[in-house]
>>> print(open('upload05.csv').read())   # CSV, C-alpha atoms
chain,number,residue,atom,x,y,z
A,1,MET,CA,-19.1,7.7,-3.5
A,2,PRO,CA,-21.7,7.4,-6.4
A,3,ALA,CA,-20.3,7.5,-9.9
A,4,GLN,CA,-22.3,10.6,-10.9
A,5,THR,CA,-20.6,12.7,-8.2
A,6,GLU,CA,-17.1,11.9,-9.4
A,7,ASP,CA,-15.0,15.0,-10.1
A,8,PHE,CA,-12.5,14.0,-12.7
A,9,ALA,CA,-11.7,17.6,-13.6
A,10,THR,CA,-9.9,18.2,-10.3
A,11,ALA,CA,-8.8,14.6,-9.9
A,12,THR,CA,-6.7,14.6,-13.1
A,13,GLN,CA,-3.6,16.0,-11.4
A,14,TRP,CA,-3.8,13.4,-8.6
A,15,PHE,CA,-4.2,10.6,-11.1
A,16,VAL,CA,-0.9,11.8,-12.7
A,17,GLY,CA,0.6,12.0,-9.2
A,18,LEU,CA,-0.5,8.5,-8.4
A,19,PHE,CA,0.9,7.2,-11.7
A,20,ILE,CA,4.3,8.8,-11.2
A,21,ALA,CA,4.6,7.9,-7.5
A,22,SER,CA,3.3,4.3,-7.9
A,23,ILE,CA,5.6,3.4,-10.7
A,24,SER,CA,8.5,5.2,-9.1
A,25,MET,CA,8.1,3.4,-5.8
A,26,THR,CA,7.5,0.0,-7.3
A,27,VAL,CA,10.4,0.1,-9.8
A,28,GLY,CA,12.7,2.6,-7.9
A,29,ASN,CA,12.7,0.7,-4.6
A,30,LYS,CA,13.8,-2.5,-6.4
A,31,TYR,CA,16.5,-0.6,-8.3
A,32,VAL,CA,17.9,1.0,-5.1
A,33,ALA,CA,17.6,-2.3,-3.2
A,34,VAL,CA,19.8,-4.0,-5.8
A,35,ASN,CA,22.4,-1.3,-5.5
A,36,TYR,CA,22.1,-0.5,-1.7
A,37,PRO,CA,21.5,-3.7,0.4
A,38,TYR,CA,20.6,-1.7,3.6
A,39,SER,CA,16.8,-1.8,3.3
A,40,ASN,CA,16.0,-0.5,6.9
A,41,CYS,CA,18.4,2.5,6.4
A,42,MET,CA,16.5,3.3,3.2
A,43,ILE,CA,13.1,3.0,5.0
A,44,PHE,CA,14.4,5.3,7.8
A,45,PHE,CA,15.4,8.0,5.2
A,46,GLN,CA,12.1,7.7,3.3
A,47,ASN,CA,10.0,8.0,6.5
A,48,THR,CA,12.1,10.9,7.8
A,49,VAL,CA,11.5,12.7,4.5
A,50,ALA,CA,7.7,11.9,4.7
A,51,ILE,CA,7.6,13.4,8.3
A,52,ILE,CA,9.4,16.6,7.2
A,53,ASN,CA,7.0,16.9,4.2
A,54,LEU,CA,4.0,16.5,6.5
A,55,LEU,CA,5.2,19.1,9.0
A,56,VAL,CA,6.2,21.6,6.3
A,57,GLY,CA,2.9,20.9,4.4
A,58,GLU,CA,0.9,21.6,7.6
A,59,LYS,CA,2.5,25.0,7.9
A,60,PHE,CA,1.5,25.9,4.3
A,61,GLY,CA,-2.1,24.6,4.8
A,62,PHE,CA,-1.8,21.4,2.7
A,63,PHE,CA,-2.3,19.2,5.8
A,64,LYS,CA,-4.5,19.5,8.9
A,65,PHE,CA,-3.6,18.2,12.4
A,66,LYS,CA,-5.6,18.2,15.6
A,67,PRO,CA,-3.7,18.7,18.9
A,68,PHE,CA,-1.5,15.7,19.5
A,69,THR,CA,-1.7,13.8,22.8
A,70,LEU,CA,0.4,11.0,24.5
A,71,LYS,CA,-2.7,8.8,24.3
A,72,GLN,CA,-2.7,9.1,20.5
A,73,LEU,CA,0.9,8.2,20.3
A,74,LEU,CA,0.4,5.1,22.4
A,75,GLN,CA,-2.7,4.1,20.4
A,76,ILE,CA,-0.7,4.4,17.2
A,77,THR,CA,2.3,2.4,18.5
A,78,VAL,CA,1.1,-1.0,17.3
A,79,PRO,CA,0.1,0.2,13.8
A,80,ALA,CA,3.5,1.9,13.6
A,81,ILE,CA,5.2,-1.4,14.3
A,82,PHE,CA,3.0,-3.1,11.7
A,83,LEU,CA,3.9,-0.4,9.2
A,84,SER,CA,7.6,-0.7,9.8
A,85,LEU,CA,7.5,-4.5,9.5
A,86,GLN,CA,5.5,-4.3,6.3
A,87,ILE,CA,7.9,-1.9,4.6
A,88,MET,CA,10.9,-3.8,5.9
A,89,ALA,CA,9.6,-7.2,4.6
A,90,SER,CA,8.7,-5.7,1.2
A,91,LEU,CA,12.2,-4.1,0.7
A,92,LYS,CA,13.9,-7.3,1.9
A,93,ALA,CA,12.1,-9.3,-0.8
A,94,LEU,CA,12.8,-6.9,-3.7
A,95,PRO,CA,16.4,-7.9,-4.5
A,96,TYR,CA,15.2,-11.6,-4.9
A,97,VAL,CA,12.0,-11.4,-6.9
A,98,ALA,CA,10.5,-9.8,-10.0
A,99,VAL,CA,8.3,-6.8,-9.7
A,100,ALA,CA,5.5,-9.0,-11.1
A,101,THR,CA,5.8,-11.3,-8.1
A,102,THR,CA,5.2,-8.4,-5.7
A,103,VAL,CA,2.1,-7.5,-7.6
A,104,VAL,CA,0.7,-11.0,-7.3
A,105,PHE,CA,1.3,-11.0,-3.6
A,106,ARG,CA,-0.4,-7.6,-3.2
A,107,ASN,CA,-3.5,-9.1,-4.8
A,108,LEU,CA,-3.2,-12.2,-2.6
A,109,ALA,CA,-3.2,-9.7,0.4
A,110,THR,CA,-6.6,-8.6,-0.8
A,111,PHE,CA,-7.9,-12.1,-0.4
A,112,SER,CA,-6.3,-12.6,3.1
A,113,VAL,CA,-7.7,-9.3,4.4
A,114,ALA,CA,-11.2,-10.0,3.0
A,115,MET,CA,-11.2,-13.5,4.7
A,116,ALA,CA,-9.8,-12.1,8.0
A,117,GLU,CA,-12.5,-9.4,8.0
A,118,LYS,CA,-15.2,-12.0,7.4
A,119,ILE,CA,-13.9,-14.2,10.3
A,120,PHE,CA,-12.9,-11.6,12.9
A,121,LEU,CA,-15.1,-8.7,12.1
A,122,GLY,CA,-18.2,-10.5,10.7
A,123,LYS,CA,-18.1,-8.7,7.4
A,124,SER,CA,-20.4,-10.3,4.8
A,125,LEU,CA,-19.4,-11.0,1.2
A,126,VAL,CA,-21.7,-11.3,-1.7
A,127,THR,CA,-21.2,-14.2,-4.2
A,128,ALA,CA,-19.6,-12.0,-6.8
A,129,GLN,CA,-17.0,-10.8,-4.3
A,130,ILE,CA,-16.1,-14.4,-3.4
A,131,HIS,CA,-15.7,-15.2,-7.1
A,132,GLY,CA,-13.3,-12.3,-7.4
A,133,LEU,CA,-11.2,-13.5,-4.4
A,134,CYS,CA,-11.1,-17.1,-5.8
A,135,ILE,CA,-9.9,-15.7,-9.2
A,136,ILE,CA,-7.1,-13.9,-7.3
A,137,VAL,CA,-6.0,-17.1,-5.6
A,138,VAL,CA,-6.1,-19.1,-8.8
A,139,GLY,CA,-4.0,-16.5,-10.6
A,140,GLY,CA,-1.5,-16.5,-7.8
A,141,LEU,CA,-1.2,-20.3,-7.9
A,142,VAL,CA,-0.8,-20.4,-11.7
A,143,TYR,CA,1.9,-17.7,-11.4
A,144,ALA,CA,3.9,-19.5,-8.7
A,145,TRP,CA,3.6,-22.8,-10.4
A,146,GLN,CA,6.2,-21.8,-13.0
A,147,ASP,CA,8.0,-18.9,-11.5
A,148,ILE,CA,11.3,-19.1,-13.3
A,149,ASN,CA,12.7,-16.4,-11.0
A,150,PHE,CA,11.5,-18.3,-7.8
A,151,ASN,CA,13.6,-17.5,-4.7
A,152,ALA,CA,12.7,-18.9,-1.3
A,153,THR,CA,14.0,-15.9,0.6
A,154,GLY,CA,12.0,-13.5,-1.5
A,155,TYR,CA,8.8,-15.6,-1.2
A,156,PHE,CA,9.3,-15.8,2.6
A,157,TRP,CA,9.5,-12.0,3.0
A,158,LEU,CA,6.5,-11.4,0.7
A,159,THR,CA,4.5,-14.0,2.7
A,160,PHE,CA,5.5,-12.3,5.9
A,161,ASN,CA,4.6,-8.9,4.4
A,162,CYS,CA,1.1,-10.3,3.5
A,163,LEU,CA,0.5,-11.7,7.0
A,164,ILE,CA,1.6,-8.4,8.7
A,165,TYR,CA,-0.6,-6.4,6.3
A,166,THR,CA,-3.6,-8.5,7.0
A,167,THR,CA,-3.1,-8.3,10.8
A,168,SER,CA,-2.5,-4.5,10.6
A,169,SER,CA,-5.8,-4.1,8.6
A,170,ILE,CA,-7.8,-5.9,11.2
A,171,TYR,CA,-6.2,-4.3,14.1
A,172,THR,CA,-6.6,-0.8,12.6
A,173,LYS,CA,-10.3,-1.3,11.9
A,174,LYS,CA,-11.0,-2.9,15.3
A,175,ILE,CA,-8.8,-0.9,17.7
A,176,VAL,CA,-7.6,2.3,16.1
A,177,ALA,CA,-10.7,3.6,14.3
A,178,ASP,CA,-11.6,5.8,17.3
A,179,ILE,CA,-8.4,7.9,17.4
A,180,ASP,CA,-9.4,11.6,17.7
A,181,GLN,CA,-7.0,12.8,15.0
A,182,THR,CA,-7.2,13.7,11.3
A,183,SER,CA,-5.9,11.3,8.7
A,184,ASP,CA,-2.9,13.5,8.1
A,185,GLY,CA,-2.1,13.6,11.8
A,186,THR,CA,-2.5,9.9,12.1
A,187,ALA,CA,-0.1,9.4,9.2
A,188,LEU,CA,2.4,11.7,10.9
A,189,LEU,CA,2.1,9.8,14.2
A,190,GLN,CA,2.5,6.5,12.4
A,191,GLN,CA,5.6,7.6,10.6
A,192,ILE,CA,7.2,9.1,13.8
A,193,GLY,CA,6.3,6.0,15.8
A,194,SER,CA,7.9,3.7,13.2
A,195,LEU,CA,11.3,5.3,13.3
A,196,PRO,CA,12.6,3.7,16.5
A,197,PHE,CA,11.6,0.3,15.4
A,198,ILE,CA,13.2,0.7,12.0
A,199,LEU,CA,16.4,1.6,13.8
A,200,LEU,CA,16.1,-1.6,15.8
A,201,TYR,CA,15.7,-3.6,12.6
A,202,ALA,CA,18.8,-1.9,11.1
A,203,LEU,CA,20.8,-2.9,14.2
A,204,PHE,CA,19.4,-6.4,14.2
A,205,PHE,CA,20.3,-7.0,10.6
A,206,GLY,CA,23.8,-5.5,11.0
A,207,GLU,CA,23.1,-2.5,8.7
A,208,LEU,CA,24.6,0.1,11.1
A,209,PRO,CA,26.9,2.0,10.8
A,210,GLN,CA,27.8,0.7,7.3
A,211,GLY,CA,24.4,1.7,5.9
A,212,ILE,CA,25.0,5.3,6.7
A,213,SER,CA,28.5,5.5,5.2
A,214,LYS,CA,27.5,3.5,2.1
A,215,VAL,CA,24.9,6.1,1.1
A,216,PHE,CA,27.7,8.5,0.2
A,217,THR,CA,29.4,5.9,-2.0
A,218,LEU,CA,26.4,5.3,-4.2
A,219,GLN,CA,26.9,6.0,-7.8
A,220,MET,CA,25.1,9.1,-9.2
A,221,LEU,CA,22.0,7.4,-10.6
A,222,PRO,CA,21.2,5.2,-7.6
A,223,MET,CA,21.8,8.3,-5.4
A,224,ILE,CA,19.3,10.4,-7.4
A,225,VAL,CA,16.7,7.6,-7.2
A,226,PHE,CA,17.4,7.1,-3.5
A,227,ILE,CA,16.7,10.8,-2.7
A,228,PHE,CA,13.8,11.0,-5.2
A,229,LEU,CA,11.9,8.1,-3.6
A,230,GLY,CA,11.9,10.0,-0.3
A,231,PHE,CA,9.5,12.5,-1.9
A,232,MET,CA,7.5,9.9,-3.8
A,233,GLY,CA,6.3,8.3,-0.6
A,234,THR,CA,4.6,11.5,0.3
A,235,LEU,CA,3.2,12.0,-3.2
A,236,ILE,CA,1.6,8.6,-3.3
A,237,ALA,CA,-0.1,9.2,0.1
A,238,LEU,CA,-1.3,12.6,-1.0
A,239,SER,CA,-2.6,11.2,-4.3
A,240,TYR,CA,-4.6,8.5,-2.7
A,241,MET,CA,-6.0,10.8,-0.1
A,242,ASN,CA,-7.2,13.4,-2.7
A,243,LEU,CA,-8.5,10.8,-5.2
A,244,TYR,CA,-10.7,9.1,-2.5
A,245,LYS,CA,-12.2,12.5,-1.9
A,246,ARG,CA,-13.0,13.2,-5.6
A,247,VAL,CA,-13.7,9.8,-7.2
A,248,SER,CA,-15.1,6.4,-6.1
A,249,ALA,CA,-12.9,3.8,-4.5
A,250,THR,CA,-13.5,1.5,-7.5
A,251,THR,CA,-12.1,4.2,-9.9
A,252,VAL,CA,-9.0,4.5,-7.7
A,253,THR,CA,-8.6,0.7,-7.7
A,254,VAL,CA,-8.9,0.6,-11.5
A,255,ALA,CA,-6.2,3.3,-11.8
A,256,SER,CA,-4.0,1.4,-9.3
A,257,ASN,CA,-4.3,-1.8,-11.3
A,258,VAL,CA,-3.4,0.1,-14.5
A,259,ASN,CA,-0.3,1.4,-12.7
A,260,LYS,CA,0.6,-2.1,-11.7
A,261,VAL,CA,0.6,-3.3,-15.3
A,262,ILE,CA,2.7,-0.4,-16.4
A,263,SER,CA,5.1,-0.9,-13.5
A,264,ILE,CA,5.6,-4.5,-14.6
A,265,PHE,CA,6.4,-3.3,-18.2
A,266,VAL,CA,8.8,-0.7,-16.9
A,267,ALA,CA,10.5,-3.2,-14.6
A,268,TRP,CA,11.0,-5.6,-17.5
A,269,ILE,CA,12.7,-2.8,-19.5
A,270,VAL,CA,14.9,-1.9,-16.5
A,271,PHE,CA,15.8,-5.3,-15.0
A,272,ARG,CA,15.2,-7.6,-18.0
A,273,LYS,CA,13.7,-10.3,-15.8
A,274,ILE,CA,11.8,-12.6,-18.2
A,275,LEU,CA,8.5,-14.2,-17.2
A,276,SER,CA,7.3,-17.6,-18.5
A,277,VAL,CA,4.0,-17.8,-20.5
A,278,LEU,CA,2.3,-19.4,-17.5
A,279,GLN,CA,3.5,-16.6,-15.2
A,280,ILE,CA,2.0,-14.0,-17.5
A,281,VAL,CA,-1.3,-15.9,-17.6
A,282,GLY,CA,-1.3,-16.2,-13.8
A,283,LEU,CA,-0.4,-12.5,-13.4
A,284,THR,CA,-3.2,-11.5,-15.7
A,285,ILE,CA,-5.7,-13.7,-13.9
A,286,SER,CA,-4.6,-12.3,-10.6
A,287,ILE,CA,-4.9,-8.6,-11.7
A,288,LEU,CA,-8.3,-9.2,-13.3
A,289,GLY,CA,-9.5,-11.0,-10.2
A,290,GLY,CA,-8.5,-8.0,-8.0
A,291,LEU,CA,-10.2,-5.6,-10.4
A,292,TYR,CA,-13.4,-7.7,-10.5
A,293,TYR,CA,-13.4,-7.9,-6.7
A,294,ALA,CA,-13.0,-4.1,-6.4
A,295,ILE,CA,-15.9,-3.5,-8.9
A,296,GLU,CA,-18.2,-5.9,-7.1
A,297,SER,CA,-17.3,-4.5,-3.7
A,298,GLY,CA,-18.3,-1.0,-5.0
A,299,ARG,CA,-21.6,-2.4,-6.2
A,300,ALA,CA,-22.2,-4.2,-2.9
A,301,LYS,CA,-21.6,-0.9,-1.0
A,302,GLU,CA,-24.0,1.0,-3.2
A,303,LEU,CA,-26.7,-1.7,-2.8
A,304,ALA,CA,-26.2,-1.7,1.0
A,305,LYS,CA,-26.6,2.2,1.0
A,306,LYS,CA,-29.8,2.0,-1.1
A,307,LYS,CA,-31.2,-0.8,1.2
A,308,LYS,CA,-30.5,1.2,4.3
A,309,LYS,CA,-32.1,4.3,2.8
A,310,SER,CA,-35.1,2.3,1.8
A,311,ILE,CA,-35.5,0.9,5.3
A,312,GLU,CA,-35.2,4.4,6.8
A,313,MET,CA,-37.9,5.7,4.4
A,314,ASP,CA,-40.2,2.9,5.4
A,315,GLN,CA,-39.6,3.5,9.1
A,316,THR,CA,-40.3,7.2,8.6
A,317,ALA,CA,-43.5,6.4,6.6
A,318,ALA,CA,-44.6,3.9,9.3
A,319,SER,CA,-44.2,6.5,12.0
A,320,GLY,CA,-46.3,9.1,10.2
A,321,GLY,CA,-43.4,11.2,9.0
A,322,LYS,CA,-42.0,11.7,12.5
A,323,VAL,CA,-38.2,11.3,12.9
>>> encode(input="upload05.csv", output="structure tokens")
Amino acid sequence: MPAQTEDFATATQWFVGLFIASISMTVGNKYVAVNYPYSNCMIFFQNTVAIINLLVGEKFGFFKFKPFTLKQLLQITVPAIFLSLQIMASLKALPYVAVATTVVFRNLATFSVAMAEKIFLGKSLVTAQIHGLCIIVVGGLVYAWQDINFNATGYFWLTFNCLIYTTSSIYTKKIVADIDQTSDGTALLQQIGSLPFILLYALFFGELPQGISKVFTLQMLPMIVFIFLGFMGTLIALSYMNLYKRVSATTVTVASNVNKVISIFVAWIVFRKILSVLQIVGLTISILGGLYYAIESGRAKELAKKKKKSIEMDQTAASGGKV
């Protein structure tokens, strides 16, 4: 979306929503994970709340669905498995690593997705984009070199999360792009499809039935955060959806990066996990690399649009104005 068409007046409330939801999900999930070691039960609750919110929201006109079919449900099954694995791996890692570490791995996922798209989908990258990706990797390496909070289990789950996220991105773009359903309807199908697999993970990791009974033994503050996060998952999805309609993808990425920085600061206040100087340097490099990549990707898209429009105009002129 060109910068001059950005509608910041109506986007303001969604920037606020993204700010609240992003920080709440990043810091809140770690807080709950520390106090409630049943990550899959927590995911099941959050996804169930998201489903209820989508269904209720559709009745009030906030969301739009096309008629659902069995074919759509089957098409969305694999992405639903990917989604459940991603969230499960992320929450499994949270008790073991600092919030800053999850931010670095999210940026590294940008690198892995870009490389996978280039290899499997034939997507081209301009030189500036490659520079941005390299900066992300350098930042990640610098951060990990002196991670004073290093935990092998946490790094394993974050690496697994990154691999699943990359695979999911490629599969979705290659296979699921032709589903005849709205984005809201696809989100609902994905959430519904993920529930059976989340229950399987809960059984596999021995979280049932203790995970259900332990919810009611949570102290007041963790319980409030636990319930609150169920609604934040819906808010963050709504915020992203509405922001992409009103402002450019680059603007959304900038806002997301600002939220990451604030999340790290809030997490430091809450958890008091100290970072080494080298970690802070690596984290900064990684975030700036992700920001640079997003900006250059936006420029590359605009140049591609202008080039395509120029070619179409030349073809029209060559054909004597006939389309």
>>> closest_atom_pairs(input="upload05.csv", of="range 153-236 of chain A", to="range 104-116 of chain A", cutoff="9 Å", atoms="only C-alpha atoms", output="CSV")
residue,atom,partner,partner_atom,distance
A:Leu158,CA,A:Phe105,CA,6.8
A:Thr159,CA,A:Phe105,CA,7.7
A:Asn161,CA,A:Ala109,CA,8.8
A:Cys162,CA,A:Ala109,CA,5.3
A:Leu163,CA,A:Ala109,CA,7.8
A:Tyr165,CA,A:Ala109,CA,7.2
A:Thr166,CA,A:Val113,CA,4.9
A:Thr167,CA,A:Val113,CA,7.9
A:Ser169,CA,A:Val113,CA,6.9
A:Ile170,CA,A:Ala116,CA,7.3
>>> atom_distance(input="upload05.csv", atom1="CA of Trp157 in chain A", atom2="CA of Ser90 in chain A")
6.6 Å
>>> closest_residue(input="upload05.csv", among="A:Leu278, A:Ile179, A:Leu243, A:Leu199", to="Gln75 in chain A", atoms="all atoms listed in the file")
A:Ile179
>>> residues_around(input="upload05.csv", residues="range 35-43 of chain A", least_positions_apart="4", cutoff="6 Å", atoms="only C-alpha atoms", output="JSON, numbers by chain")
{"A": [91, 198, 202, 207, 211]}
>>> atom_distance(input="upload05.csv", atom1="CA of Thr182 in chain A", atom2="CA of Lys66 in chain A")
6.4 Å
>>> atom_distance(input="upload05.csv", atom1="CA of Lys71 in chain A", atom2="CA of Ala187 in chain A")
15.3 Å
>>> residues_around(input="upload05.csv", residues="Leu288 in chain A", least_positions_apart="6", cutoff="9 Å", atoms="only C-alpha atoms", output="VMD selection string")
chain A and resid 132 135 to 136 139 257
>>> residues_around(input="upload05.csv", residues="Ala128 in chain A", least_positions_apart="5", cutoff="12 Å", atoms="only C-alpha atoms", output="list in words")
Leu133, Cys134, Ile135, Gly289, Gly290, Leu291, Tyr292, Tyr293, Ala294, Ile295, Glu296, Ser297, Gly298, Arg299 and Ala300 of chain A
>>> closest_atom_pairs(input="upload05.csv", of="range 66-133 of chain A", to="range 258-262 of chain A", cutoff="10 Å", atoms="only C-alpha atoms", output="tab-separated table")
residue	atom	partner	partner_atom	distance
A:Val99	CA	A:Lys260	CA	9.2
A:Ala100	CA	A:Lys260	CA	8.5
A:Thr102	CA	A:Lys260	CA	9.8
A:Val103	CA	A:Lys260	CA	6.9
A:Val104	CA	A:Lys260	CA	9.9
>>> write_last_selection(input="upload05.csv", atoms="C-alpha atoms", output="PDB file, in the coordinates of the input")
ATOM      1  CA  VAL A  99       8.300  -6.800  -9.700  1.00  0.00           C
ATOM      2  CA  ALA A 100       5.500  -9.000 -11.100  1.00  0.00           C
ATOM      3  CA  THR A 102       5.200  -8.400  -5.700  1.00  0.00           C
ATOM      4  CA  VAL A 103       2.100  -7.500  -7.600  1.00  0.00           C
ATOM      5  CA  VAL A 104       0.700 -11.000  -7.300  1.00  0.00           C
TER       6      VAL A 104
END
